[in-house]
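One structure is given here, and the rest of the page talks about it.
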There are 2 protein chains.
Amino acid sequence: MSQLLRVQNFTVSQDGFGAGEHQSLERPFGTADPGAMFAWAGATASWPNRTEPGGGRGLDDYFTRDFSRNIGAEIMGSNKFSPHRGPWKDHGWRGWWGEEPPFHTPVFVLTHHTRPSFTLADTTFHFIDADPAAALALAREAADGKDVRLGGGAATIRSFLDAGLVDTLHVAVSPVSIGAGSRLWKSPQELDDRFHHEVVPSPSGVAHHLFWRR
Amino acid sequence: MSQLLRVQNFTVSQDGFGAGEHQSLERPFGTADPGAMFAWAGATASWPNRTEPGGGRGLDDYFTRDFSRNIGAEIMGSNKFSPHRGPWKDHGWRGWWGEEPPFHTPVFVLTHHTRPSFTLADTTFHFIDADPAAALALAREAADGKDVRLGGGAATIRSFLDAGLVDTLHVAVSPVSIGAGSRLWKSPQELDDRFHHEVVPSPSGVAHHLFWRR
């Protein structure tokens with residue numbers, strides 16, 4: 001297990017949703033409020049999207065600062081990449097992240113609607129129509145010996161969990177409820193048969209759930 | 001504050017000691033039992049001295065895996081380097097860590113008894129007779145833009161704290177008592193006037209105390 005598949009800083013509501021319903025260009029997380037969901041991460045010194053100095057260096061910062069450590073590639077679902085559904089009308093959409101995406105590695109977007117790869121700064125997006133095992137094999141090869149991050153969303157993480165491919169999983173459970181949307185789990189205990197599981201409450205109000213293979 | 005001075009994974013007893021009395025070649029931590037003190041770290045997958053696969057990937061592993069992230073140099077006290085006291089009789093002693101020390105950077109040993117620098121694998125030890133501010137200036141220059149780790153022991157950390165030079169401090173309080181020795185603090189709350197302070201209990205039994213400058 002020299003190249004891990006890692007889920008990191010994936011944030012869900014208390015009721016187990018990674019995003020609400022009705023994702024759109026204006027609302028990447030649908031009915032969920034990303035400000036409330038991700039407040040814990042945005043307050044840290046090492047938040048990748050931080051534009052101003054400052055931020056806390058307590059427990060939560062250990063999670064945000066670990067985001068890029070030894071990561072050589074990311075896999076994400078198509079809904080993390082884009083609010084569009086179905087075939088591409090054009091290739092103008094290049095992700096939510098502007099000209100300098102926070103990934104800095106190859107990114108493999110799982111989609112039935114492939115399109116040409118493109119590069120923004122030091123992130124290259126590839127579009128592949130592949131099952132989890134085949135996607136992971138591609139990402140591992142691109143990661144050049146480093147680990148692979150599984151970026152979400154919830155349905156994508158579930159498909160890799162169901163295929164038994166996830167090595168470590170960090171989920172931050174945020175003190176908000178969404179009610180409906182993209183579900184990661186009904187209860188974190190669902191995974192306890194296959195993973196060690198620690199729960200670490202943070203002063204910020206989230207509970208960090210840490211899983212690693214038994 | 002682009003180059004932080006960081007204390008990481010420094011482990012003390014419940015009664016505030018980093019080591020017991022009577023350090024010797026056979027007992028680097030004197031009367032303290034390092035097996036009990038450092039059990040939390042040794043059980044993690046990312047423990048730098050780990051020689052076999054395995055180990056936990058829960059909370060404690062976030063601390064051991066952060067040991068080398070963005071560190072460009074270490075400063076340590078002479079008692080961390082060696083059990084000898086007073087002038088060197090010869091230069092045969094090259095540290096406790098064998099031919100591949102876990103630092104992988106320049107290391108500055110604070111001592112009134114300087115000796116020539118030497119290199120083991122990718123770690124070079126320098127011996128300097130300097131006050132904390134001067135030592136930090138040297139280490140920052142050697143760190144090439146990265147942070148500097150302050151490695152201990154307790155008296156060395158105290159001297160940098162008293163000089164106001166420490167930016168972040170992670171201390172693991174282990175559930176053992178030593179009674180006497182090298183004291184870091186009487187109570188962690190001593191630092192609360194100058195630092196933010198979070199306490200994070202770990203399932204392993206230690207309590208991680210995280211401090212960063214106010």
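Note on naming: chains are A, B, ... as they come in the structure tokens, residues start from 1 per chain, ligands start from 1 in the order shown.
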
Select from region 51-163 of chain A everything DSSP, run on the backbone, classes as alpha helix (DSSP H), then give the selection as an MDAnalysis selection string. chainID A and resid 59:65 78:81 132:142 154:162

Taking only residues of chain A that have an atom at most 12 Å from an atom of chain B, what is each one's shortest atom pair and its distance in Å to one decimal, using only C-alpha atoms, in chain and number order, as JSON lines?
```
{"residue": "A:Met1", "atom": "CA", "partner": "B:Pro53", "partner_atom": "CA", "distance": 9.4}
{"residue": "A:Ser2", "atom": "CA", "partner": "B:Pro53", "partner_atom": "CA", "distance": 9.8}
{"residue": "A:Leu4", "atom": "CA", "partner": "B:Arg57", "partner_atom": "CA", "distance": 11.6}
{"residue": "A:Arg6", "atom": "CA", "partner": "B:Arg57", "partner_atom": "CA", "distance": 11.1}
{"residue": "A:Gln8", "atom": "CA", "partner": "B:Tyr62", "partner_atom": "CA", "distance": 11.9}
{"residue": "A:Thr44", "atom": "CA", "partner": "B:Trp212", "partner_atom": "CA", "distance": 11.8}
{"residue": "A:Ala45", "atom": "CA", "partner": "B:Trp212", "partner_atom": "CA", "distance": 10.8}
{"residue": "A:Pro53", "atom": "CA", "partner": "B:Met1", "partner_atom": "CA", "distance": 9.4}
{"residue": "A:Gly54", "atom": "CA", "partner": "B:Met1", "partner_atom": "CA", "distance": 9.9}
{"residue": "A:Gly55", "atom": "CA", "partner": "B:Trp212", "partner_atom": "CA", "distance": 10.2}
{"residue": "A:Gly56", "atom": "CA", "partner": "B:Trp212", "partner_atom": "CA", "distance": 7.7}
{"residue": "A:Arg57", "atom": "CA", "partner": "B:Trp212", "partner_atom": "CA", "distance": 6.1}
{"residue": "A:Gly58", "atom": "CA", "partner": "B:Leu210", "partner_atom": "CA", "distance": 5.7}
{"residue": "A:Leu59", "atom": "CA", "partner": "B:Leu210", "partner_atom": "CA", "distance": 7.3}
{"residue": "A:Asp60", "atom": "CA", "partner": "B:Glu198", "partner_atom": "CA", "distance": 10.4}
{"residue": "A:Asp61", "atom": "CA", "partner": "B:Tyr62", "partner_atom": "CA", "distance": 10.4}
{"residue": "A:Tyr62", "atom": "CA", "partner": "B:Tyr62", "partner_atom": "CA", "distance": 6.6}
{"residue": "A:Phe63", "atom": "CA", "partner": "B:Tyr62", "partner_atom": "CA", "distance": 7.7}
{"residue": "A:Thr64", "atom": "CA", "partner": "B:Tyr62", "partner_atom": "CA", "distance": 10.9}
{"residue": "A:Arg65", "atom": "CA", "partner": "B:Asp66", "partner_atom": "CA", "distance": 8.7}
{"residue": "A:Asp66", "atom": "CA", "partner": "B:Asp66", "partner_atom": "CA", "distance": 7.8}
{"residue": "A:Phe67", "atom": "CA", "partner": "B:Tyr62", "partner_atom": "CA", "distance": 11.3}
{"residue": "A:Ser68", "atom": "CA", "partner": "B:Arg69", "partner_atom": "CA", "distance": 10.5}
{"residue": "A:Arg69", "atom": "CA", "partner": "B:Arg69", "partner_atom": "CA", "distance": 7.8}
{"residue": "A:Asn70", "atom": "CA", "partner": "B:Arg69", "partner_atom": "CA", "distance": 10.0}
{"residue": "A:Asp167", "atom": "CA", "partner": "B:Arg57", "partner_atom": "CA", "distance": 9.9}
{"residue": "A:Thr168", "atom": "CA", "partner": "B:Arg57", "partner_atom": "CA", "distance": 7.7}
{"residue": "A:Leu169", "atom": "CA", "partner": "B:Arg57", "partner_atom": "CA", "distance": 9.7}
{"residue": "A:His170", "atom": "CA", "partner": "B:Gly58", "partner_atom": "CA", "distance": 9.2}
{"residue": "A:Phe195", "atom": "CA", "partner": "B:Arg57", "partner_atom": "CA", "distance": 10.6}
{"residue": "A:His196", "atom": "CA", "partner": "B:Gly58", "partner_atom": "CA", "distance": 8.2}
{"residue": "A:His197", "atom": "CA", "partner": "B:Gly58", "partner_atom": "CA", "distance": 7.6}
{"residue": "A:Glu198", "atom": "CA", "partner": "B:Gly58", "partner_atom": "CA", "distance": 6.3}
{"residue": "A:Val199", "atom": "CA", "partner": "B:Leu59", "partner_atom": "CA", "distance": 8.7}
{"residue": "A:Val200", "atom": "CA", "partner": "B:Leu59", "partner_atom": "CA", "distance": 7.5}
{"residue": "A:Pro201", "atom": "CA", "partner": "B:Val200", "partner_atom": "CA", "distance": 8.1}
{"residue": "A:Ser202", "atom": "CA", "partner": "B:Val200", "partner_atom": "CA", "distance": 7.7}
{"residue": "A:Pro203", "atom": "CA", "partner": "B:Glu198", "partner_atom": "CA", "distance": 7.5}
{"residue": "A:Ser204", "atom": "CA", "partner": "B:Glu198", "partner_atom": "CA", "distance": 10.4}
{"residue": "A:Ala207", "atom": "CA", "partner": "B:Val200", "partner_atom": "CA", "distance": 11.8}
{"residue": "A:His208", "atom": "CA", "partner": "B:Leu59", "partner_atom": "CA", "distance": 9.1}
{"residue": "A:His209", "atom": "CA", "partner": "B:Gly58", "partner_atom": "CA", "distance": 8.9}
{"residue": "A:Leu210", "atom": "CA", "partner": "B:Gly58", "partner_atom": "CA", "distance": 5.7}
{"residue": "A:Phe211", "atom": "CA", "partner": "B:Gly58", "partner_atom": "CA", "distance": 7.0}
{"residue": "A:Trp212", "atom": "CA", "partner": "B:Arg57", "partner_atom": "CA", "distance": 6.1}
{"residue": "A:Arg213", "atom": "CA", "partner": "B:Arg57", "partner_atom": "CA", "distance": 8.9}
{"residue": "A:Arg214", "atom": "CA", "partner": "B:Gly56", "partner_atom": "CA", "distance": 9.7}
```

Spatial neighbours of region 17-34 of chain B, 9 Å, only C-alpha atoms, chain gap at least 6 places, as a PyMOL selection string: chain B and resi 10-11+79-80+82-84+96+152-155+176-186

Could you check how far CA of Phe108 (chain A) sits from CA of His126 (chain A), in Å to one decimal?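 Distance reported for this atom pair: 4.9 Å.
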
Superimpose chain B on chain A so that the squared distances between all in-order C-alpha pairs are minimised, and send the result as an mmCIF file with C-alpha atoms, in the first residue's frame.
```
data_model
loop_
_atom_site.group_PDB
_atom_site.id
_atom_site.type_symbol
_atom_site.label_atom_id
_atom_site.label_comp_id
_atom_site.auth_asym_id
_atom_site.auth_seq_id
_atom_site.Cartn_x
_atom_site.Cartn_y
_atom_site.Cartn_z
ATOM 1 C CA MET B 1 0.013 -0.010 0.016
ATOM 2 C CA SER B 2 2.694 2.470 -0.961
ATOM 3 C CA GLN B 3 0.285 4.811 -2.789
ATOM 4 C CA LEU B 4 -2.748 5.548 -0.642
ATOM 5 C CA LEU B 5 -6.127 6.715 -1.870
ATOM 6 C CA ARG B 6 -7.053 9.469 0.576
ATOM 7 C CA VAL B 7 -10.229 11.445 1.203
ATOM 8 C CA GLN B 8 -9.317 14.681 2.992
ATOM 9 C CA ASN B 9 -11.271 17.568 4.441
ATOM 10 C CA PHE B 10 -14.528 16.327 2.970
ATOM 11 C CA THR B 11 -17.215 18.216 4.847
ATOM 12 C CA VAL B 12 -20.713 16.914 5.433
ATOM 13 C CA SER B 13 -23.723 18.137 7.385
ATOM 14 C CA GLN B 14 -24.845 16.516 10.619
ATOM 15 C CA ASP B 15 -27.397 14.647 8.577
ATOM 16 C CA GLY B 16 -24.745 13.247 6.245
ATOM 17 C CA PHE B 17 -24.943 15.357 3.081
ATOM 18 C CA GLY B 18 -21.953 16.755 1.199
ATOM 19 C CA ALA B 19 -24.143 19.198 -0.729
ATOM 20 C CA GLY B 20 -27.801 20.157 -0.954
ATOM 21 C CA GLU B 21 -30.144 19.752 -3.888
ATOM 22 C CA HIS B 22 -30.293 22.056 -6.910
ATOM 23 C CA GLN B 23 -26.625 22.690 -7.640
ATOM 24 C CA SER B 24 -26.217 25.639 -10.010
ATOM 25 C CA LEU B 25 -23.594 28.043 -11.252
ATOM 26 C CA GLU B 26 -24.530 30.439 -8.473
ATOM 27 C CA ARG B 27 -24.821 27.733 -5.803
ATOM 28 C CA PRO B 28 -22.108 25.076 -6.209
ATOM 29 C CA PHE B 29 -23.421 23.343 -3.068
ATOM 30 C CA GLY B 30 -27.094 23.739 -3.968
ATOM 31 C CA THR B 31 -29.339 24.491 -1.017
ATOM 32 C CA ALA B 32 -26.430 24.011 1.401
ATOM 33 C CA ASP B 33 -24.639 27.124 2.647
ATOM 34 C CA PRO B 34 -20.928 26.606 1.954
ATOM 35 C CA GLY B 35 -20.061 29.529 4.234
ATOM 36 C CA ALA B 36 -21.478 27.611 7.196
ATOM 37 C CA MET B 37 -20.267 24.196 6.043
ATOM 38 C CA PHE B 38 -16.655 25.252 5.502
ATOM 39 C CA ALA B 39 -16.267 27.933 8.161
ATOM 40 C CA TRP B 40 -13.946 25.606 10.091
ATOM 41 C CA ALA B 41 -11.538 25.341 7.155
ATOM 42 C CA GLY B 42 -11.721 28.936 6.018
ATOM 43 C CA ALA B 43 -10.658 30.105 9.481
ATOM 44 C CA THR B 44 -7.324 28.233 9.356
ATOM 45 C CA ALA B 45 -3.940 29.652 8.398
ATOM 46 C CA SER B 46 -3.354 26.878 5.838
ATOM 47 C CA TRP B 47 -6.686 27.026 3.964
ATOM 48 C CA PRO B 48 -5.557 26.642 0.314
ATOM 49 C CA ASN B 49 -7.870 29.429 -0.869
ATOM 50 C CA ARG B 50 -6.714 31.913 1.751
ATOM 51 C CA THR B 51 -5.814 35.255 0.178
ATOM 52 C CA GLU B 52 -4.902 37.235 3.308
ATOM 53 C CA PRO B 53 -2.452 36.453 6.120
ATOM 54 C CA GLY B 54 -3.745 35.268 9.465
ATOM 55 C CA GLY B 55 -5.928 32.354 10.472
ATOM 56 C CA GLY B 56 -5.779 29.841 13.284
ATOM 57 C CA ARG B 57 -3.044 27.271 13.793
ATOM 58 C CA GLY B 58 -4.944 24.943 16.100
ATOM 59 C CA LEU B 59 -6.366 21.490 15.439
ATOM 60 C CA ASP B 60 -8.294 22.389 12.278
ATOM 61 C CA ASP B 61 -5.136 23.742 10.687
ATOM 62 C CA TYR B 62 -3.499 20.292 10.848
ATOM 63 C CA PHE B 63 -6.188 19.105 8.463
ATOM 64 C CA THR B 64 -6.015 21.965 5.985
ATOM 65 C CA ARG B 65 -2.213 21.938 5.972
ATOM 66 C CA ASP B 66 -2.232 18.217 5.181
ATOM 67 C CA PHE B 67 -4.258 18.827 1.989
ATOM 68 C CA SER B 68 -1.322 18.727 -0.416
ATOM 69 C CA ARG B 69 1.245 16.661 1.541
ATOM 70 C CA ASN B 70 2.459 13.779 -0.639
ATOM 71 C CA ILE B 71 -0.486 14.075 -3.059
ATOM 72 C CA GLY B 72 0.361 13.444 -6.709
ATOM 73 C CA ALA B 73 -3.086 13.419 -8.333
ATOM 74 C CA GLU B 74 -6.772 13.981 -7.588
ATOM 75 C CA ILE B 75 -9.879 12.142 -8.714
ATOM 76 C CA MET B 76 -13.179 14.013 -8.631
ATOM 77 C CA GLY B 77 -16.738 13.472 -9.803
ATOM 78 C CA SER B 78 -18.223 15.525 -12.619
ATOM 79 C CA ASN B 79 -20.479 17.483 -10.249
ATOM 80 C CA LYS B 80 -17.483 18.696 -8.297
ATOM 81 C CA PHE B 81 -16.026 19.991 -11.549
ATOM 82 C CA SER B 82 -19.121 21.626 -12.978
ATOM 83 C CA PRO B 83 -22.826 22.432 -12.526
ATOM 84 C CA HIS B 84 -23.550 21.252 -16.079
ATOM 85 C CA ARG B 85 -25.329 17.975 -16.734
ATOM 86 C CA GLY B 86 -25.256 15.947 -19.921
ATOM 87 C CA PRO B 87 -23.136 16.554 -23.034
ATOM 88 C CA TRP B 88 -20.938 19.652 -23.185
ATOM 89 C CA LYS B 89 -22.311 22.373 -25.463
ATOM 90 C CA ASP B 90 -18.848 23.892 -25.571
ATOM 91 C CA HIS B 91 -15.638 23.695 -23.565
ATOM 92 C CA GLY B 92 -15.749 27.174 -22.077
ATOM 93 C CA TRP B 93 -16.254 25.893 -18.527
ATOM 94 C CA ARG B 94 -12.885 25.322 -16.843
ATOM 95 C CA GLY B 95 -13.912 24.652 -13.244
ATOM 96 C CA TRP B 96 -14.906 26.800 -10.269
ATOM 97 C CA TRP B 97 -11.400 27.724 -9.242
ATOM 98 C CA GLY B 98 -10.226 30.477 -11.598
ATOM 99 C CA GLU B 99 -6.830 30.577 -13.243
ATOM 100 C CA GLU B 100 -4.935 28.996 -10.322
ATOM 101 C CA PRO B 101 -6.797 25.927 -9.050
ATOM 102 C CA PRO B 102 -5.675 24.700 -5.620
ATOM 103 C CA PHE B 103 -4.753 21.190 -6.817
ATOM 104 C CA HIS B 104 -1.309 21.652 -8.426
ATOM 105 C CA THR B 105 -1.389 18.091 -9.812
ATOM 106 C CA PRO B 106 -3.169 16.152 -12.543
ATOM 107 C CA VAL B 107 -6.913 15.948 -11.822
ATOM 108 C CA PHE B 108 -9.056 13.156 -13.241
ATOM 109 C CA VAL B 109 -12.712 14.122 -13.692
ATOM 110 C CA LEU B 110 -15.041 11.119 -13.904
ATOM 111 C CA THR B 111 -17.674 11.770 -16.557
ATOM 112 C CA HIS B 112 -19.636 10.019 -19.270
ATOM 113 C CA HIS B 113 -19.057 13.129 -21.394
ATOM 114 C CA THR B 114 -15.345 13.333 -22.028
ATOM 115 C CA ARG B 115 -13.590 16.356 -23.482
ATOM 116 C CA PRO B 116 -9.971 17.320 -24.190
ATOM 117 C CA SER B 117 -7.568 17.807 -21.287
ATOM 118 C CA PHE B 118 -6.532 21.347 -20.436
ATOM 119 C CA THR B 119 -4.071 22.998 -18.056
ATOM 120 C CA LEU B 120 -4.509 25.943 -15.690
ATOM 121 C CA ALA B 121 -1.277 26.998 -13.975
ATOM 122 C CA ASP B 122 0.127 23.719 -12.569
ATOM 123 C CA THR B 123 -3.149 21.781 -12.617
ATOM 124 C CA THR B 124 -4.111 19.641 -15.627
ATOM 125 C CA PHE B 125 -7.693 18.386 -15.883
ATOM 126 C CA HIS B 126 -8.307 15.072 -17.647
ATOM 127 C CA PHE B 127 -11.800 13.751 -18.399
ATOM 128 C CA ILE B 128 -12.275 10.016 -18.221
ATOM 129 C CA ASP B 129 -15.211 7.654 -18.527
ATOM 130 C CA ALA B 130 -13.989 4.879 -16.239
ATOM 131 C CA ASP B 131 -15.024 2.792 -13.266
ATOM 132 C CA PRO B 132 -13.359 3.482 -9.883
ATOM 133 C CA ALA B 133 -10.638 0.826 -10.221
ATOM 134 C CA ALA B 134 -9.620 1.961 -13.703
ATOM 135 C CA ALA B 135 -9.683 5.614 -12.663
ATOM 136 C CA LEU B 136 -7.500 4.872 -9.652
ATOM 137 C CA ALA B 137 -4.991 2.997 -11.817
ATOM 138 C CA LEU B 138 -4.679 6.015 -14.115
ATOM 139 C CA ALA B 139 -4.364 8.441 -11.219
ATOM 140 C CA ARG B 140 -1.738 6.328 -9.466
ATOM 141 C CA GLU B 141 0.362 6.244 -12.592
ATOM 142 C CA ALA B 142 0.087 10.025 -12.949
ATOM 143 C CA ALA B 143 0.874 10.549 -9.249
ATOM 144 C CA ASP B 144 4.464 9.421 -9.747
ATOM 145 C CA GLY B 145 4.719 7.420 -6.542
ATOM 146 C CA LYS B 146 2.721 9.812 -4.391
ATOM 147 C CA ASP B 147 -0.750 9.313 -2.940
ATOM 148 C CA VAL B 148 -4.012 10.060 -4.734
ATOM 149 C CA ARG B 149 -6.658 12.368 -3.279
ATOM 150 C CA LEU B 150 -10.302 11.464 -3.796
ATOM 151 C CA GLY B 151 -11.936 14.881 -3.883
ATOM 152 C CA GLY B 152 -15.656 14.078 -3.866
ATOM 153 C CA GLY B 153 -18.539 14.682 -4.097
ATOM 154 C CA ALA B 154 -20.380 12.289 -1.862
ATOM 155 C CA ALA B 155 -21.594 9.964 -4.628
ATOM 156 C CA THR B 156 -18.086 9.620 -5.993
ATOM 157 C CA ILE B 157 -16.660 8.819 -2.561
ATOM 158 C CA ARG B 158 -19.443 6.244 -2.042
ATOM 159 C CA SER B 159 -18.598 4.508 -5.301
ATOM 160 C CA PHE B 160 -14.921 4.170 -4.302
ATOM 161 C CA LEU B 161 -15.886 3.035 -0.797
ATOM 162 C CA ASP B 162 -18.237 0.443 -2.248
ATOM 163 C CA ALA B 163 -15.405 -0.792 -4.479
ATOM 164 C CA GLY B 164 -13.124 -1.147 -1.432
ATOM 165 C CA LEU B 165 -10.536 1.271 -2.807
ATOM 166 C CA VAL B 166 -10.303 3.953 -0.115
ATOM 167 C CA ASP B 167 -7.338 3.709 2.290
ATOM 168 C CA THR B 168 -7.910 6.734 4.542
ATOM 169 C CA LEU B 169 -10.907 9.010 4.956
ATOM 170 C CA HIS B 170 -11.147 12.290 6.816
ATOM 171 C CA VAL B 171 -14.652 13.724 7.034
ATOM 172 C CA ALA B 172 -15.472 16.906 8.937
ATOM 173 C CA VAL B 173 -19.036 16.840 10.241
ATOM 174 C CA SER B 174 -20.299 20.405 10.368
ATOM 175 C CA PRO B 175 -22.984 21.508 12.854
ATOM 176 C CA VAL B 176 -25.558 22.279 10.155
ATOM 177 C CA SER B 177 -28.444 20.288 8.713
ATOM 178 C CA ILE B 178 -29.342 20.224 5.023
ATOM 179 C CA GLY B 179 -32.281 17.805 4.907
ATOM 180 C CA ALA B 180 -31.755 16.498 1.376
ATOM 181 C CA GLY B 181 -29.056 16.346 -1.258
ATOM 182 C CA SER B 182 -25.947 14.348 -2.016
ATOM 183 C CA ARG B 183 -25.591 11.832 0.798
ATOM 184 C CA LEU B 184 -22.303 10.387 2.042
ATOM 185 C CA TRP B 185 -23.793 8.276 4.801
ATOM 186 C CA LYS B 186 -26.735 7.858 7.121
ATOM 187 C CA SER B 187 -24.308 7.358 10.001
ATOM 188 C CA PRO B 188 -20.497 7.384 10.190
ATOM 189 C CA GLN B 189 -20.704 4.037 11.974
ATOM 190 C CA GLU B 190 -21.630 2.424 8.646
ATOM 191 C CA LEU B 191 -17.918 2.178 7.907
ATOM 192 C CA ASP B 192 -16.776 0.703 11.212
ATOM 193 C CA ASP B 193 -16.713 -2.863 9.942
ATOM 194 C CA ARG B 194 -13.987 -1.983 7.449
ATOM 195 C CA PHE B 195 -12.145 0.936 9.033
ATOM 196 C CA HIS B 196 -10.594 2.040 12.266
ATOM 197 C CA HIS B 197 -12.563 5.124 13.289
ATOM 198 C CA GLU B 198 -11.658 8.015 15.566
ATOM 199 C CA VAL B 199 -13.887 11.000 16.308
ATOM 200 C CA VAL B 200 -12.115 14.208 17.286
ATOM 201 C CA PRO B 201 -14.276 17.176 18.274
ATOM 202 C CA SER B 202 -12.752 20.521 17.339
ATOM 203 C CA PRO B 203 -13.131 23.804 19.229
ATOM 204 C CA SER B 204 -14.535 25.214 15.965
ATOM 205 C CA GLY B 205 -17.657 23.087 16.310
ATOM 206 C CA VAL B 206 -16.965 20.442 13.682
ATOM 207 C CA ALA B 207 -16.199 16.826 14.545
ATOM 208 C CA HIS B 208 -13.347 15.283 12.591
ATOM 209 C CA HIS B 209 -13.990 11.660 11.704
ATOM 210 C CA LEU B 210 -10.818 9.763 10.829
ATOM 211 C CA PHE B 211 -10.956 6.359 9.168
ATOM 212 C CA TRP B 212 -8.211 4.059 8.036
ATOM 213 C CA ARG B 213 -8.350 0.509 6.782
ATOM 214 C CA ARG B 214 -8.534 -2.344 9.250
#
```

Region 41-110 of chain B: which residues are strand (DSSP E or B) by DSSP, as number ranges by chain? B: 44, 56, 71-77, 106-110

Keeping only N, CA and C atoms, take the residues you just selected and write them out as a PDB file, in the first residue's frame.
```
ATOM      1  N   THR B  44       2.160   5.404  15.494  1.00  0.00           N
ATOM      2  CA  THR B  44       1.585   6.007  14.275  1.00  0.00           C
ATOM      3  C   THR B  44       2.319   5.542  13.018  1.00  0.00           C
ATOM      4  N   GLY B  56      -1.005   3.411  13.156  1.00  0.00           N
ATOM      5  CA  GLY B  56      -2.306   4.063  13.058  1.00  0.00           C
ATOM      6  C   GLY B  56      -2.266   5.312  12.203  1.00  0.00           C
ATOM      7  N   ILE B  71       9.914  22.234   6.963  1.00  0.00           N
ATOM      8  CA  ILE B  71      10.993  22.513   7.920  1.00  0.00           C
ATOM      9  C   ILE B  71      12.311  22.548   7.159  1.00  0.00           C
ATOM     10  N   GLY B  72      13.090  23.611   7.380  1.00  0.00           N
ATOM     11  CA  GLY B  72      14.367  23.753   6.688  1.00  0.00           C
ATOM     12  C   GLY B  72      15.580  23.677   7.598  1.00  0.00           C
ATOM     13  N   ALA B  73      15.367  23.673   8.906  1.00  0.00           N
ATOM     14  CA  ALA B  73      16.482  23.583   9.854  1.00  0.00           C
ATOM     15  C   ALA B  73      15.922  23.253  11.231  1.00  0.00           C
ATOM     16  N   GLU B  74      16.767  22.694  12.091  1.00  0.00           N
ATOM     17  CA  GLU B  74      16.380  22.471  13.488  1.00  0.00           C
ATOM     18  C   GLU B  74      17.399  23.125  14.405  1.00  0.00           C
ATOM     19  N   ILE B  75      16.884  23.598  15.542  1.00  0.00           N
ATOM     20  CA  ILE B  75      17.732  24.052  16.646  1.00  0.00           C
ATOM     21  C   ILE B  75      17.490  23.106  17.813  1.00  0.00           C
ATOM     22  N   MET B  76      18.569  22.629  18.436  1.00  0.00           N
ATOM     23  CA  MET B  76      18.381  21.796  19.627  1.00  0.00           C
ATOM     24  C   MET B  76      19.401  22.186  20.699  1.00  0.00           C
ATOM     25  N   GLY B  77      19.067  21.854  21.938  1.00  0.00           N
ATOM     26  CA  GLY B  77      20.007  22.054  23.036  1.00  0.00           C
ATOM     27  C   GLY B  77      21.054  20.952  23.071  1.00  0.00           C
ATOM     28  N   PRO B 106      19.968  21.020   8.004  1.00  0.00           N
ATOM     29  CA  PRO B 106      20.956  21.483   8.980  1.00  0.00           C
ATOM     30  C   PRO B 106      20.357  21.471  10.390  1.00  0.00           C
ATOM     31  N   VAL B 107      21.195  21.096  11.369  1.00  0.00           N
ATOM     32  CA  VAL B 107      20.794  21.119  12.777  1.00  0.00           C
ATOM     33  C   VAL B 107      21.807  21.974  13.529  1.00  0.00           C
ATOM     34  N   PHE B 108      21.301  22.920  14.303  1.00  0.00           N
ATOM     35  CA  PHE B 108      22.171  23.798  15.087  1.00  0.00           C
ATOM     36  C   PHE B 108      22.090  23.381  16.554  1.00  0.00           C
ATOM     37  N   VAL B 109      23.225  22.897  17.079  1.00  0.00           N
ATOM     38  CA  VAL B 109      23.288  22.462  18.473  1.00  0.00           C
ATOM     39  C   VAL B 109      23.848  23.613  19.304  1.00  0.00           C
ATOM     40  N   LEU B 110      23.050  24.053  20.290  1.00  0.00           N
ATOM     41  CA  LEU B 110      23.483  25.155  21.157  1.00  0.00           C
ATOM     42  C   LEU B 110      24.393  24.602  22.241  1.00  0.00           C
TER      43      LEU B 110
END
```
